[in-house]
Each structure stands twice: as structure tokens, then as C-alpha cells.
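Text of upload18.cif (mmCIF, C-alpha atoms and all ligand atoms) as supplied:
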```cif
data_upload
loop_
_atom_site.label_atom_id
_atom_site.label_comp_id
_atom_site.auth_asym_id
_atom_site.auth_seq_id
_atom_site.Cartn_x
_atom_site.Cartn_y
_atom_site.Cartn_z
CA MET A 1274 155.11 28.59 -183.95
CA SER A 1275 157.74 30.94 -182.61
CA LYS A 1276 160.00 29.57 -179.92
CA ILE A 1277 160.95 31.85 -177.03
CA GLY A 1278 163.83 31.16 -174.65
CA LEU A 1279 163.32 32.44 -171.11
CA PHE A 1280 166.36 33.68 -169.26
CA PHE A 1281 165.44 34.32 -165.63
CA GLY A 1282 167.45 36.49 -163.29
CA SER A 1283 167.41 39.29 -160.80
CA PHE A 1284 169.48 41.40 -163.25
CA ASN A 1285 170.66 43.56 -160.37
CA PRO A 1286 171.95 45.09 -162.64
CA VAL A 1287 172.00 43.48 -166.08
CA HIS A 1288 175.55 43.13 -167.45
CA ILE A 1289 177.23 42.03 -170.65
CA GLY A 1290 177.60 38.45 -169.32
CA HIS A 1291 173.80 38.16 -169.37
CA LEU A 1292 173.42 39.82 -172.76
CA ILE A 1293 176.11 37.73 -174.44
CA ILE A 1294 174.36 34.53 -173.32
CA ALA A 1295 170.92 35.83 -174.31
CA ASN A 1296 172.09 36.97 -177.74
CA TYR A 1297 174.01 33.74 -178.33
CA MET A 1298 170.91 31.69 -177.54
CA ALA A 1299 168.69 33.82 -179.77
CA SER A 1300 171.07 33.77 -182.71
CA GLN A 1301 172.86 30.41 -182.54
CA THR A 1302 170.15 27.95 -181.51
CA ASP A 1303 166.68 27.25 -182.91
CA LEU A 1304 165.20 29.82 -180.49
CA ASP A 1305 163.59 32.75 -182.30
CA LYS A 1306 163.84 35.20 -179.43
CA VAL A 1307 165.01 35.41 -175.83
CA TRP A 1308 163.11 37.12 -173.04
CA LEU A 1309 165.06 38.32 -170.04
CA VAL A 1310 162.57 37.69 -167.24
CA VAL A 1311 163.22 40.01 -164.31
CA SER A 1312 162.56 38.28 -160.97
CA PRO A 1313 160.62 40.51 -158.57
CA GLN A 1314 161.66 41.23 -155.03
CA ASN A 1315 160.42 38.46 -152.74
CA PRO A 1316 158.57 40.30 -149.92
CA LEU A 1317 159.55 37.53 -147.50
CA LYS A 1318 163.23 37.81 -148.34
CA GLU A 1319 163.85 41.50 -148.56
CA LYS A 1320 167.37 42.13 -149.76
CA LYS A 1321 168.83 45.58 -149.19
CA THR A 1322 171.11 45.49 -152.22
CA LEU A 1323 168.28 44.53 -154.60
CA ALA A 1324 167.17 47.55 -156.63
CA ARG A 1325 163.45 48.14 -157.13
CA ASP A 1326 161.72 45.87 -159.65
CA TYR A 1327 161.01 48.63 -162.19
CA ASP A 1328 164.52 50.07 -161.95
CA ARG A 1329 166.00 46.66 -162.84
CA LEU A 1330 163.48 46.22 -165.64
CA HIS A 1331 164.35 49.65 -167.00
CA LEU A 1332 168.06 48.80 -166.99
CA VAL A 1333 167.36 45.54 -168.87
CA ARG A 1334 165.41 47.52 -171.49
CA LEU A 1335 168.26 50.01 -171.81
CA GLY A 1336 170.76 47.15 -172.11
CA ILE A 1337 168.77 45.45 -174.87
CA GLY A 1338 168.40 48.68 -176.81
CA ASP A 1339 167.25 48.02 -180.37
CA ASN A 1340 168.23 44.33 -180.50
CA PRO A 1341 165.15 42.70 -182.08
CA LEU A 1342 166.15 39.25 -180.78
CA LEU A 1343 165.82 40.20 -177.12
CA GLU A 1344 163.01 41.48 -174.93
CA ALA A 1345 162.64 42.41 -171.27
CA SER A 1346 159.78 40.72 -169.43
CA ASN A 1347 158.03 41.73 -166.21
CA ILE A 1348 155.67 38.77 -166.37
CA GLU A 1349 156.54 37.67 -162.81
CA PHE A 1350 155.85 41.06 -161.20
CA ASN A 1351 152.16 40.29 -160.95
CA LEU A 1352 152.34 36.59 -160.21
CA PRO A 1353 152.22 35.18 -156.65
CA LYS A 1354 155.61 35.52 -154.94
CA PRO A 1355 157.94 33.79 -154.80
CA SER A 1356 157.38 32.69 -158.37
CA PHE A 1357 158.22 29.14 -159.31
CA THR A 1358 159.45 28.58 -162.86
CA ILE A 1359 156.85 25.89 -163.57
CA ASP A 1360 154.01 28.25 -162.55
CA THR A 1361 155.38 31.08 -164.68
CA LEU A 1362 155.61 28.71 -167.65
CA THR A 1363 152.03 27.53 -167.15
CA HIS A 1364 150.88 31.15 -167.00
CA LEU A 1365 152.82 32.02 -170.17
CA LYS A 1366 151.39 29.05 -172.05
CA GLU A 1367 147.87 30.21 -171.22
CA LYS A 1368 148.61 33.80 -172.12
CA TYR A 1369 150.45 33.03 -175.37
CA PRO A 1370 149.05 29.73 -176.70
CA GLU A 1371 150.58 30.38 -180.12
CA ARG A 1372 154.12 30.36 -178.71
CA GLU A 1373 156.46 27.66 -177.51
CA PHE A 1374 158.57 28.40 -174.45
CA ALA A 1375 161.94 27.00 -173.44
CA LEU A 1376 164.33 27.63 -170.55
CA ILE A 1377 167.87 28.93 -170.56
CA MET A 1378 170.13 28.16 -167.61
CA GLY A 1379 173.74 27.93 -166.59
CA GLY A 1380 175.22 24.46 -166.20
CA ASP A 1381 175.73 25.09 -162.48
CA ASN A 1382 171.94 25.03 -162.08
CA LEU A 1383 171.68 21.43 -163.25
CA ALA A 1384 173.15 20.17 -159.98
CA THR A 1385 170.07 21.43 -158.09
CA LEU A 1386 167.43 21.12 -160.80
CA HIS A 1387 165.93 18.09 -159.04
CA LEU A 1388 165.02 20.40 -156.13
CA TRP A 1389 162.92 22.75 -158.28
CA LYS A 1390 159.15 22.64 -157.93
CA SER A 1391 157.71 19.97 -160.28
CA TYR A 1392 161.05 19.49 -162.00
CA GLU A 1393 159.87 16.24 -163.64
CA LEU A 1394 157.09 18.17 -165.36
CA LEU A 1395 159.53 20.87 -166.33
CA VAL A 1396 162.04 18.59 -168.06
CA ALA A 1397 159.29 16.49 -169.62
CA ASN A 1398 157.54 19.44 -171.24
CA TYR A 1399 160.13 22.12 -171.95
CA ASP A 1400 163.41 22.26 -173.79
CA ILE A 1401 166.26 23.50 -171.61
CA TYR A 1402 169.23 25.25 -173.18
CA VAL A 1403 172.21 24.95 -170.91
CA TYR A 1404 175.35 27.04 -171.29
CA LYS A 1405 178.60 25.97 -169.68
CA ARG A 1406 179.72 27.59 -166.47
CA PRO A 1407 182.84 26.79 -164.45
CA ALA A 1408 180.91 24.37 -162.21
CA THR A 1409 179.04 22.55 -164.99
CA GLU A 1410 178.61 18.85 -164.22
CA LEU A 1411 176.05 17.35 -166.54
CA GLY A 1412 175.80 14.06 -164.66
CA ASP A 1413 172.69 12.12 -165.58
CA TRP A 1414 171.29 15.08 -167.50
CA ALA A 1415 173.85 14.66 -170.29
CA SER A 1416 171.67 12.20 -172.19
CA HIS A 1417 168.28 13.79 -171.48
CA PRO A 1418 166.51 14.59 -174.76
CA ARG A 1419 165.21 17.96 -173.50
CA ILE A 1420 168.61 19.22 -172.29
CA HIS A 1421 170.68 20.98 -174.95
CA LEU A 1422 174.23 21.88 -174.04
CA CYS A 1423 175.46 25.06 -175.75
CA GLU A 1424 179.01 26.33 -176.15
CA ALA A 1425 178.37 30.00 -175.36
CA PRO A 1426 181.32 32.19 -174.38
CA MET A 1427 181.95 32.35 -170.65
CA LEU A 1428 182.54 35.67 -168.98
CA ASP A 1429 183.74 35.92 -165.41
CA ILE A 1430 181.69 38.90 -164.26
CA SER A 1431 178.75 39.11 -161.92
CA ALA A 1432 176.20 41.66 -160.82
CA THR A 1433 177.71 41.42 -157.33
CA TYR A 1434 181.05 42.63 -158.72
CA ILE A 1435 179.37 45.50 -160.57
CA ARG A 1436 177.45 46.60 -157.47
CA GLU A 1437 180.68 46.50 -155.49
CA CYS A 1438 182.45 48.71 -158.07
CA LEU A 1439 179.60 51.22 -158.00
CA ARG A 1440 179.49 51.27 -154.22
CA ARG A 1441 183.21 52.08 -154.17
CA GLY A 1442 182.78 54.74 -156.85
CA LYS A 1443 184.70 52.75 -159.48
CA SER A 1444 183.91 52.66 -163.18
CA VAL A 1445 181.76 49.86 -164.61
CA ARG A 1446 182.27 50.99 -168.19
CA TYR A 1447 182.30 48.05 -170.67
CA LEU A 1448 181.03 45.67 -167.99
CA VAL A 1449 177.51 46.87 -168.71
CA PRO A 1450 176.12 48.15 -172.03
CA ASP A 1451 176.86 51.83 -172.71
CA ALA A 1452 173.26 52.92 -172.14
CA VAL A 1453 173.23 51.17 -168.74
CA PHE A 1454 176.58 52.71 -167.87
CA GLU A 1455 175.32 56.18 -168.72
CA TYR A 1456 172.12 55.70 -166.76
CA LEU A 1457 174.01 54.46 -163.70
CA GLN A 1458 176.44 57.39 -163.94
CA GLY A 1459 173.59 59.82 -163.42
CA SER A 1460 171.80 57.82 -160.76
CA SER A 1461 172.33 56.93 -157.12
CA LEU A 1462 171.48 53.26 -157.74
CA TYR A 1463 173.84 50.85 -155.97
CA ARG A 1464 175.94 53.72 -154.62
CA SER A 1465 175.03 53.47 -150.97
P1 LIG A 1501 174.57 38.26 -158.52
O1 LIG A 1501 176.06 38.49 -158.60
O2 LIG A 1501 173.82 39.41 -157.94
O3 LIG A 1501 174.22 36.94 -157.89
P2 LIG A 1501 174.43 37.51 -161.35
O4 LIG A 1501 175.36 38.34 -162.13
O5 LIG A 1501 174.84 36.10 -161.08
O6 LIG A 1501 174.01 38.23 -160.01
P3 LIG A 1501 171.64 36.98 -161.95
O7 LIG A 1501 170.64 38.05 -162.17
O8 LIG A 1501 171.53 36.13 -160.78
O9 LIG A 1501 173.09 37.66 -162.11
O10 LIG A 1501 171.79 36.14 -163.27
C1 LIG A 1501 170.76 35.61 -164.03
C2 LIG A 1501 171.30 34.36 -164.64
O11 LIG A 1501 172.50 34.67 -165.37
C3 LIG A 1501 171.72 33.34 -163.59
O12 LIG A 1501 171.28 32.08 -164.02
C4 LIG A 1501 173.22 33.42 -163.55
O13 LIG A 1501 173.79 32.16 -163.25
C5 LIG A 1501 173.55 33.86 -164.96
N1 LIG A 1501 174.81 34.62 -165.06
C6 LIG A 1501 175.23 35.58 -164.26
N2 LIG A 1501 176.44 36.06 -164.64
C7 LIG A 1501 176.78 35.38 -165.74
C8 LIG A 1501 177.91 35.38 -166.62
N3 LIG A 1501 178.94 36.20 -166.43
N4 LIG A 1501 177.90 34.53 -167.65
C9 LIG A 1501 176.86 33.70 -167.83
N5 LIG A 1501 175.78 33.65 -167.04
C10 LIG A 1501 175.72 34.46 -166.00
#
```

Take the structure I supplied and represent it as C-alpha cells, if you would.
Ligand code: ATP
Amino acid sequence: MSKIGLFFGSFNPVHIGHLIIANYMASQTDLDKVWLVVSPQNPLKEKKTLARDYDRLHLVRLGIGDNPLLEASNIEFNLPKPSFTIDTLTHLKEKYPEREFALIMGGDNLATLHLWKSYELLVANYDIYVYKRPATELGDWASHPRIHLCEAPMLDISATYIRECLRRGKSVRYLVPDAVFEYLQGSSLYRS
């Protein structure tokens, strides 16, 4: 059974920090592949700086290029919004019964994991691959059999920083994959 790691994010836009984590997880753990799951715009929480769902998905596809270990997913675009991770996982299990799904998250997320919808069900039924972030405090999770701490390289860049550079007309070369850089060069995304 192939094991897929799900890396959720708004990817607004995708950057090399995301891709380094995704590729690390797909190549240095027992995960066979990683899907970058693009979170759709929440109609109740409209955010001006959030690019349209399909633009962000397109950028993720461009960023992945021909890497066979990674895939872009729009699975949440047609699910009820806002989407809760546990519901997305249930949907995926029904749609792909021959696959096993696992979660990928930054260590900073562990501090609030107990606030997620049905988190007990989540940690009881799914492996969670955690990569270290500056604020990682494992606490009680350290000994949980489903939580796997991974030593992926940390990169101090964020989509917020990239949007800010673009808005100010500054170069984001090397912060995003070349294909994403080139696409953004010829587009008005994030510029105003
Ligand atoms: P923003 O600055 O808009 O909040 P972001 O760069 O943090 O965006 P998200 O789309 O929110 O990007 O990220 C998806 C996931 O990737 C989140 O869990 C986030 O914590 C993580 N992430 C973001 N940047 C990095 C990075 N440089 N290294 C590792 N993980 C990252």
C-alpha cells in the first residue's frame, strides 16, 4: 500500500521552504509521495492578499515541475468550507481506499493540535511527520507512537515575505523555484 504524506497550506505563493520540506519527507522517510494540498479561500474569511485558488494551485504545479515524488492537490476545493483536516482525511480514505495517508506539519503546530477538530481521532489513526521549527516544543507529544520527529533543514522564509517583496517590486529569485519566479515576473499577482 503506498503511503502519501499530506502537506497542507495556503501556498500563497509556494516557496522553496515548502518544497524542501515536502521533498525531504518524500525522500527521507517511509512516505512514498507527498501531496501539497492547497487550502481554498474560506468565503467567510475573505483575505485580500490571498490569490485565487487556481492561481495558487498552478504555482504549486509549476514549483513541483517534474519531481515524481511530489504532487499538487486541489482535493479541498470542492469540500465544505472551511475544511477540517479530519474531514479531508476521511474523504481521501473513501476516495483512495488502496492508499494510506499521513500528515506533515511543523513543530509549532503541535502546541495547538489539541484544538483541532477530532484531534484524538487524528492522532489515533494517522501518522504525523513533524519537522522542527523555531518554536517546536514537543511536550507530551514527544512519546506519542504516531508522532515522528524529522530533522529537515529549516529555512527562514515565508510566503508573507515573498508577497511583500513582490508588492515592493523586489526580486524573489531563488526564494521560489525558477518556474514560479518566471511566472510571477510576467504576472500581476501579488503586485498590488
Ligand atoms: P504565510 O507567510 O502567508 O503565512 P507560509 O509561508 O507560512 O505563509 P503556508 O502556506 O501557511 O506558508 O505554509 C504551509 C505550511 O508550511 C505551514 O504549515 C507552514 O508552517 C509551513 N511553512 C511555511 N514556511 C516554511 C518554511 N520556511 N519552512 C518550513 N515550513 C514552512

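Among A:Ala1452, A:Met1427, A:Val1310, A:Leu1457, the residue with the shortest atom-to-atom distance to ligand LIG 1501 (chain A), counting all atoms listed in the file, is A:Met1427.
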
Residues within 6 Å of ligand LIG 1501 (chain A) (all atoms listed in the file), as an mmCIF file with C-alpha atoms, in the frame of the given file?
```
data_model
loop_
_atom_site.group_PDB
_atom_site.id
_atom_site.type_symbol
_atom_site.label_atom_id
_atom_site.label_comp_id
_atom_site.auth_asym_id
_atom_site.auth_seq_id
_atom_site.Cartn_x
_atom_site.Cartn_y
_atom_site.Cartn_z
ATOM 1 C CA PHE A 1281 165.440 34.320 -165.630
ATOM 2 C CA GLY A 1282 167.450 36.490 -163.290
ATOM 3 C CA SER A 1283 167.410 39.290 -160.800
ATOM 4 C CA PHE A 1284 169.480 41.400 -163.250
ATOM 5 C CA ASN A 1285 170.660 43.560 -160.370
ATOM 6 C CA GLY A 1290 177.600 38.450 -169.320
ATOM 7 C CA HIS A 1291 173.800 38.160 -169.370
ATOM 8 C CA MET A 1378 170.130 28.160 -167.610
ATOM 9 C CA GLY A 1379 173.740 27.930 -166.590
ATOM 10 C CA MET A 1427 181.950 32.350 -170.650
ATOM 11 C CA LEU A 1428 182.540 35.670 -168.980
ATOM 12 C CA ASP A 1429 183.740 35.920 -165.410
ATOM 13 C CA ILE A 1430 181.690 38.900 -164.260
ATOM 14 C CA SER A 1431 178.750 39.110 -161.920
ATOM 15 C CA ALA A 1432 176.200 41.660 -160.820
ATOM 16 C CA THR A 1433 177.710 41.420 -157.330
#
```

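Near Leu1317 in chain A, within 9 Å and counting only C-alpha atoms, sit Gln1314, Lys1354 and Pro1355 of chain A; same-chain residues fewer than 3 positions away were not included.
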
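Closest approach to Arg1440 in chain A among A:Ser1312, A:Gln1458, A:Ser1465, A:Asn1398 is made by A:Ser1465 (distances from all atoms listed in the file).
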
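Atom pair CA of Leu1376 in chain A / CA of Trp1414 in chain A: separated by 14.7 Å.
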
| query | So which residues touch Gly1442 in chain A within 12 Å, counting only C-alpha atoms, skipping near sequence neighbours fewer than 2 positions away, as number ranges by chain? | reply | A: 1435-1440, 1444-1446, 1457-1458, 1461-1465

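For the atom pair formed by CA of Glu1349 in chain A and CA of Tyr1327 in chain A, the distance is 11.9 Å, given to one decimal.
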
| request: Find the residues around Thr1385 in chain A up to 12 Å (only C-alpha atoms counted), leave out those fewer than 5 positions away in its own chain, and share them as a list in words. | output: Met1378, Gly1379, Gly1380, Lys1390, Tyr1392, Ala1408, Thr1409, Glu1410, Leu1411, Gly1412 and Trp1414 of chain A

Could you write out the selected residues, including C-alpha atoms, as a PDB file, in the coordinates of the input?
```
ATOM      1  CA  MET A1378     170.130  28.160-167.610  1.00  0.00           C
ATOM      2  CA  GLY A1379     173.740  27.930-166.590  1.00  0.00           C
ATOM      3  CA  GLY A1380     175.220  24.460-166.200  1.00  0.00           C
ATOM      4  CA  LYS A1390     159.150  22.640-157.930  1.00  0.00           C
ATOM      5  CA  TYR A1392     161.050  19.490-162.000  1.00  0.00           C
ATOM      6  CA  ALA A1408     180.910  24.370-162.210  1.00  0.00           C
ATOM      7  CA  THR A1409     179.040  22.550-164.990  1.00  0.00           C
ATOM      8  CA  GLU A1410     178.610  18.850-164.220  1.00  0.00           C
ATOM      9  CA  LEU A1411     176.050  17.350-166.540  1.00  0.00           C
ATOM     10  CA  GLY A1412     175.800  14.060-164.660  1.00  0.00           C
ATOM     11  CA  TRP A1414     171.290  15.080-167.500  1.00  0.00           C
TER      12      TRP A1414
END
```

| said: Residues near Asn1340 in chain A, anyone? I mean within 12 Å using only C-alpha atoms, not counting same-chain ones fewer than 4 positions away, as a ChimeraX atom specification. | reply: /A:1292-1293,1295-1296,1299-1300,1306-1308,1333-1336,1344-1345

| query | Quick one: distance from CA of Ala1324 in chain A to CA of Tyr1456 in chain A in Å, one decimal? | reply | 13.9 Å

| query | Using all atoms listed in the file, which residues sit within 12 Å of Pro1316 in chain A once same-chain residues fewer than 2 positions away are excluded, as number ranges by chain? | reply | A: 1312-1314, 1318-1321, 1323, 1325-1326, 1350, 1353-1356

| What residues have an atom no more than 12 Å from (153.0, 32.7, -175.9) in the file's own frame, counting all atoms listed in the file, and can you write them as an MDAnalysis selection string? | chainID A and resid 1274:1279 1306 1308 1348 1361:1375

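With all atoms listed in the file as the atoms that count, the minimum distance from Pro1418 in chain A to the choices A:Val1453, A:Tyr1399, A:Tyr1404, A:Leu1304 is reached by A:Tyr1399.
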
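For the choices A:His1331, A:His1417, A:His1387, A:Lys1443, the atom-to-atom distance to Val1403 in chain A is smallest for A:His1417 when using all atoms listed in the file.
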
| With only C-alpha atoms as the atoms that count, which of A:Asn1315, A:Gln1301, A:Ser1416, A:Ser1460 lies nearest to Asn1351 in chain A? | A:Asn1315

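Using only C-alpha atoms, the smallest distance between any of A:Ile1294, A:Ile1289, A:Ile1337, A:Ala1384 and Cys1423 in chain A comes from A:Ile1294.
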
Please complete range 1454-1465 of chain A with all heavy atoms and give it back as an mmCIF file, in the frame of the given file.
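Saved result, part_32.cif, follows:
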```
data_model
loop_
_atom_site.group_PDB
_atom_site.id
_atom_site.type_symbol
_atom_site.label_atom_id
_atom_site.label_comp_id
_atom_site.auth_asym_id
_atom_site.auth_seq_id
_atom_site.Cartn_x
_atom_site.Cartn_y
_atom_site.Cartn_z
ATOM 1 N N PHE A 1454 175.491 51.964 -168.499
ATOM 2 C CA PHE A 1454 176.580 52.710 -167.870
ATOM 3 C C PHE A 1454 176.179 54.175 -167.698
ATOM 4 O O PHE A 1454 176.311 54.754 -166.616
ATOM 5 C CB PHE A 1454 177.849 52.585 -168.716
ATOM 6 C CG PHE A 1454 178.960 53.482 -168.279
ATOM 7 C CD1 PHE A 1454 179.621 53.265 -167.081
ATOM 8 C CD2 PHE A 1454 179.347 54.573 -169.063
ATOM 9 C CE1 PHE A 1454 180.648 54.104 -166.665
ATOM 10 C CE2 PHE A 1454 180.367 55.409 -168.656
ATOM 11 C CZ PHE A 1454 181.014 55.184 -167.460
ATOM 12 N N GLU A 1455 175.677 54.757 -168.779
ATOM 13 C CA GLU A 1455 175.320 56.180 -168.720
ATOM 14 C C GLU A 1455 174.195 56.426 -167.713
ATOM 15 O O GLU A 1455 174.226 57.385 -166.955
ATOM 16 C CB GLU A 1455 174.932 56.688 -170.107
ATOM 17 C CG GLU A 1455 176.175 57.095 -170.886
ATOM 18 C CD GLU A 1455 176.006 56.987 -172.382
ATOM 19 O OE1 GLU A 1455 174.863 57.126 -172.869
ATOM 20 O OE2 GLU A 1455 177.020 56.747 -173.067
ATOM 21 N N TYR A 1456 173.221 55.540 -167.700
ATOM 22 C CA TYR A 1456 172.120 55.700 -166.760
ATOM 23 C C TYR A 1456 172.643 55.624 -165.320
ATOM 24 O O TYR A 1456 172.296 56.447 -164.472
ATOM 25 C CB TYR A 1456 171.053 54.626 -166.992
ATOM 26 C CG TYR A 1456 169.858 54.775 -166.095
ATOM 27 C CD1 TYR A 1456 168.768 55.552 -166.471
ATOM 28 C CD2 TYR A 1456 169.823 54.154 -164.840
ATOM 29 C CE1 TYR A 1456 167.674 55.707 -165.636
ATOM 30 C CE2 TYR A 1456 168.735 54.302 -163.996
ATOM 31 C CZ TYR A 1456 167.677 55.075 -164.398
ATOM 32 O OH TYR A 1456 166.588 55.224 -163.558
ATOM 33 N N LEU A 1457 173.501 54.646 -165.066
ATOM 34 C CA LEU A 1457 174.010 54.460 -163.700
ATOM 35 C C LEU A 1457 174.890 55.634 -163.268
ATOM 36 O O LEU A 1457 174.901 56.005 -162.091
ATOM 37 C CB LEU A 1457 174.790 53.144 -163.603
ATOM 38 C CG LEU A 1457 173.945 51.867 -163.663
ATOM 39 C CD1 LEU A 1457 174.834 50.632 -163.761
ATOM 40 C CD2 LEU A 1457 173.021 51.758 -162.432
ATOM 41 N N GLN A 1458 175.601 56.224 -164.235
ATOM 42 C CA GLN A 1458 176.440 57.390 -163.940
ATOM 43 C C GLN A 1458 175.628 58.524 -163.335
ATOM 44 O O GLN A 1458 176.085 59.216 -162.445
ATOM 45 C CB GLN A 1458 177.057 57.937 -165.246
ATOM 46 C CG GLN A 1458 178.190 57.146 -165.811
ATOM 47 C CD GLN A 1458 179.491 57.434 -165.090
ATOM 48 O OE1 GLN A 1458 179.809 56.746 -164.135
ATOM 49 N NE2 GLN A 1458 180.220 58.441 -165.533
ATOM 50 N N GLY A 1459 174.413 58.696 -163.870
ATOM 51 C CA GLY A 1459 173.590 59.820 -163.420
ATOM 52 C C GLY A 1459 172.602 59.423 -162.340
ATOM 53 O O GLY A 1459 171.649 60.152 -162.087
ATOM 54 N N SER A 1460 172.784 58.274 -161.730
ATOM 55 C CA SER A 1460 171.800 57.820 -160.760
ATOM 56 C C SER A 1460 172.502 57.417 -159.456
ATOM 57 O O SER A 1460 173.713 57.190 -159.425
ATOM 58 C CB SER A 1460 171.042 56.633 -161.369
ATOM 59 O OG SER A 1460 170.935 55.559 -160.488
ATOM 60 N N SER A 1461 171.711 57.319 -158.394
ATOM 61 C CA SER A 1461 172.330 56.930 -157.120
ATOM 62 C C SER A 1461 172.196 55.430 -156.890
ATOM 63 O O SER A 1461 172.594 54.918 -155.838
ATOM 64 C CB SER A 1461 171.665 57.705 -155.982
ATOM 65 O OG SER A 1461 170.291 57.405 -155.970
ATOM 66 N N LEU A 1462 171.655 54.709 -157.881
ATOM 67 C CA LEU A 1462 171.480 53.260 -157.740
ATOM 68 C C LEU A 1462 172.782 52.562 -157.383
ATOM 69 O O LEU A 1462 173.807 52.818 -158.010
ATOM 70 C CB LEU A 1462 170.977 52.672 -159.064
ATOM 71 C CG LEU A 1462 169.473 52.580 -159.312
ATOM 72 C CD1 LEU A 1462 169.212 51.930 -160.670
ATOM 73 C CD2 LEU A 1462 168.795 51.786 -158.203
ATOM 74 N N TYR A 1463 172.721 51.692 -156.416
ATOM 75 C CA TYR A 1463 173.840 50.850 -155.970
ATOM 76 C C TYR A 1463 175.001 51.635 -155.346
ATOM 77 O O TYR A 1463 176.056 51.092 -155.104
ATOM 78 C CB TYR A 1463 174.401 50.005 -157.124
ATOM 79 C CG TYR A 1463 173.365 49.161 -157.823
ATOM 80 C CD1 TYR A 1463 173.040 49.395 -159.159
ATOM 81 C CD2 TYR A 1463 172.705 48.142 -157.148
ATOM 82 C CE1 TYR A 1463 172.073 48.626 -159.801
ATOM 83 C CE2 TYR A 1463 171.740 47.370 -157.780
ATOM 84 C CZ TYR A 1463 171.430 47.622 -159.099
ATOM 85 O OH TYR A 1463 170.486 46.855 -159.734
ATOM 86 N N ARG A 1464 174.796 52.926 -155.114
ATOM 87 C CA ARG A 1464 175.940 53.720 -154.620
ATOM 88 C C ARG A 1464 176.023 53.733 -153.107
ATOM 89 O O ARG A 1464 177.051 54.080 -152.561
ATOM 90 C CB ARG A 1464 175.885 55.125 -155.164
ATOM 91 C CG ARG A 1464 175.956 55.115 -156.671
ATOM 92 C CD ARG A 1464 176.710 56.276 -157.251
ATOM 93 N NE ARG A 1464 176.617 56.182 -158.694
ATOM 94 C CZ ARG A 1464 177.613 55.833 -159.484
ATOM 95 N NH1 ARG A 1464 178.806 55.582 -158.983
ATOM 96 N NH2 ARG A 1464 177.442 55.752 -160.781
ATOM 97 N N SER A 1465 174.907 53.451 -152.439
ATOM 98 C CA SER A 1465 175.030 53.470 -150.970
ATOM 99 C C SER A 1465 174.332 52.269 -150.382
ATOM 100 O O SER A 1465 173.553 51.614 -151.043
ATOM 101 C CB SER A 1465 174.410 54.748 -150.432
ATOM 102 O OG SER A 1465 173.109 54.881 -150.960
#
```
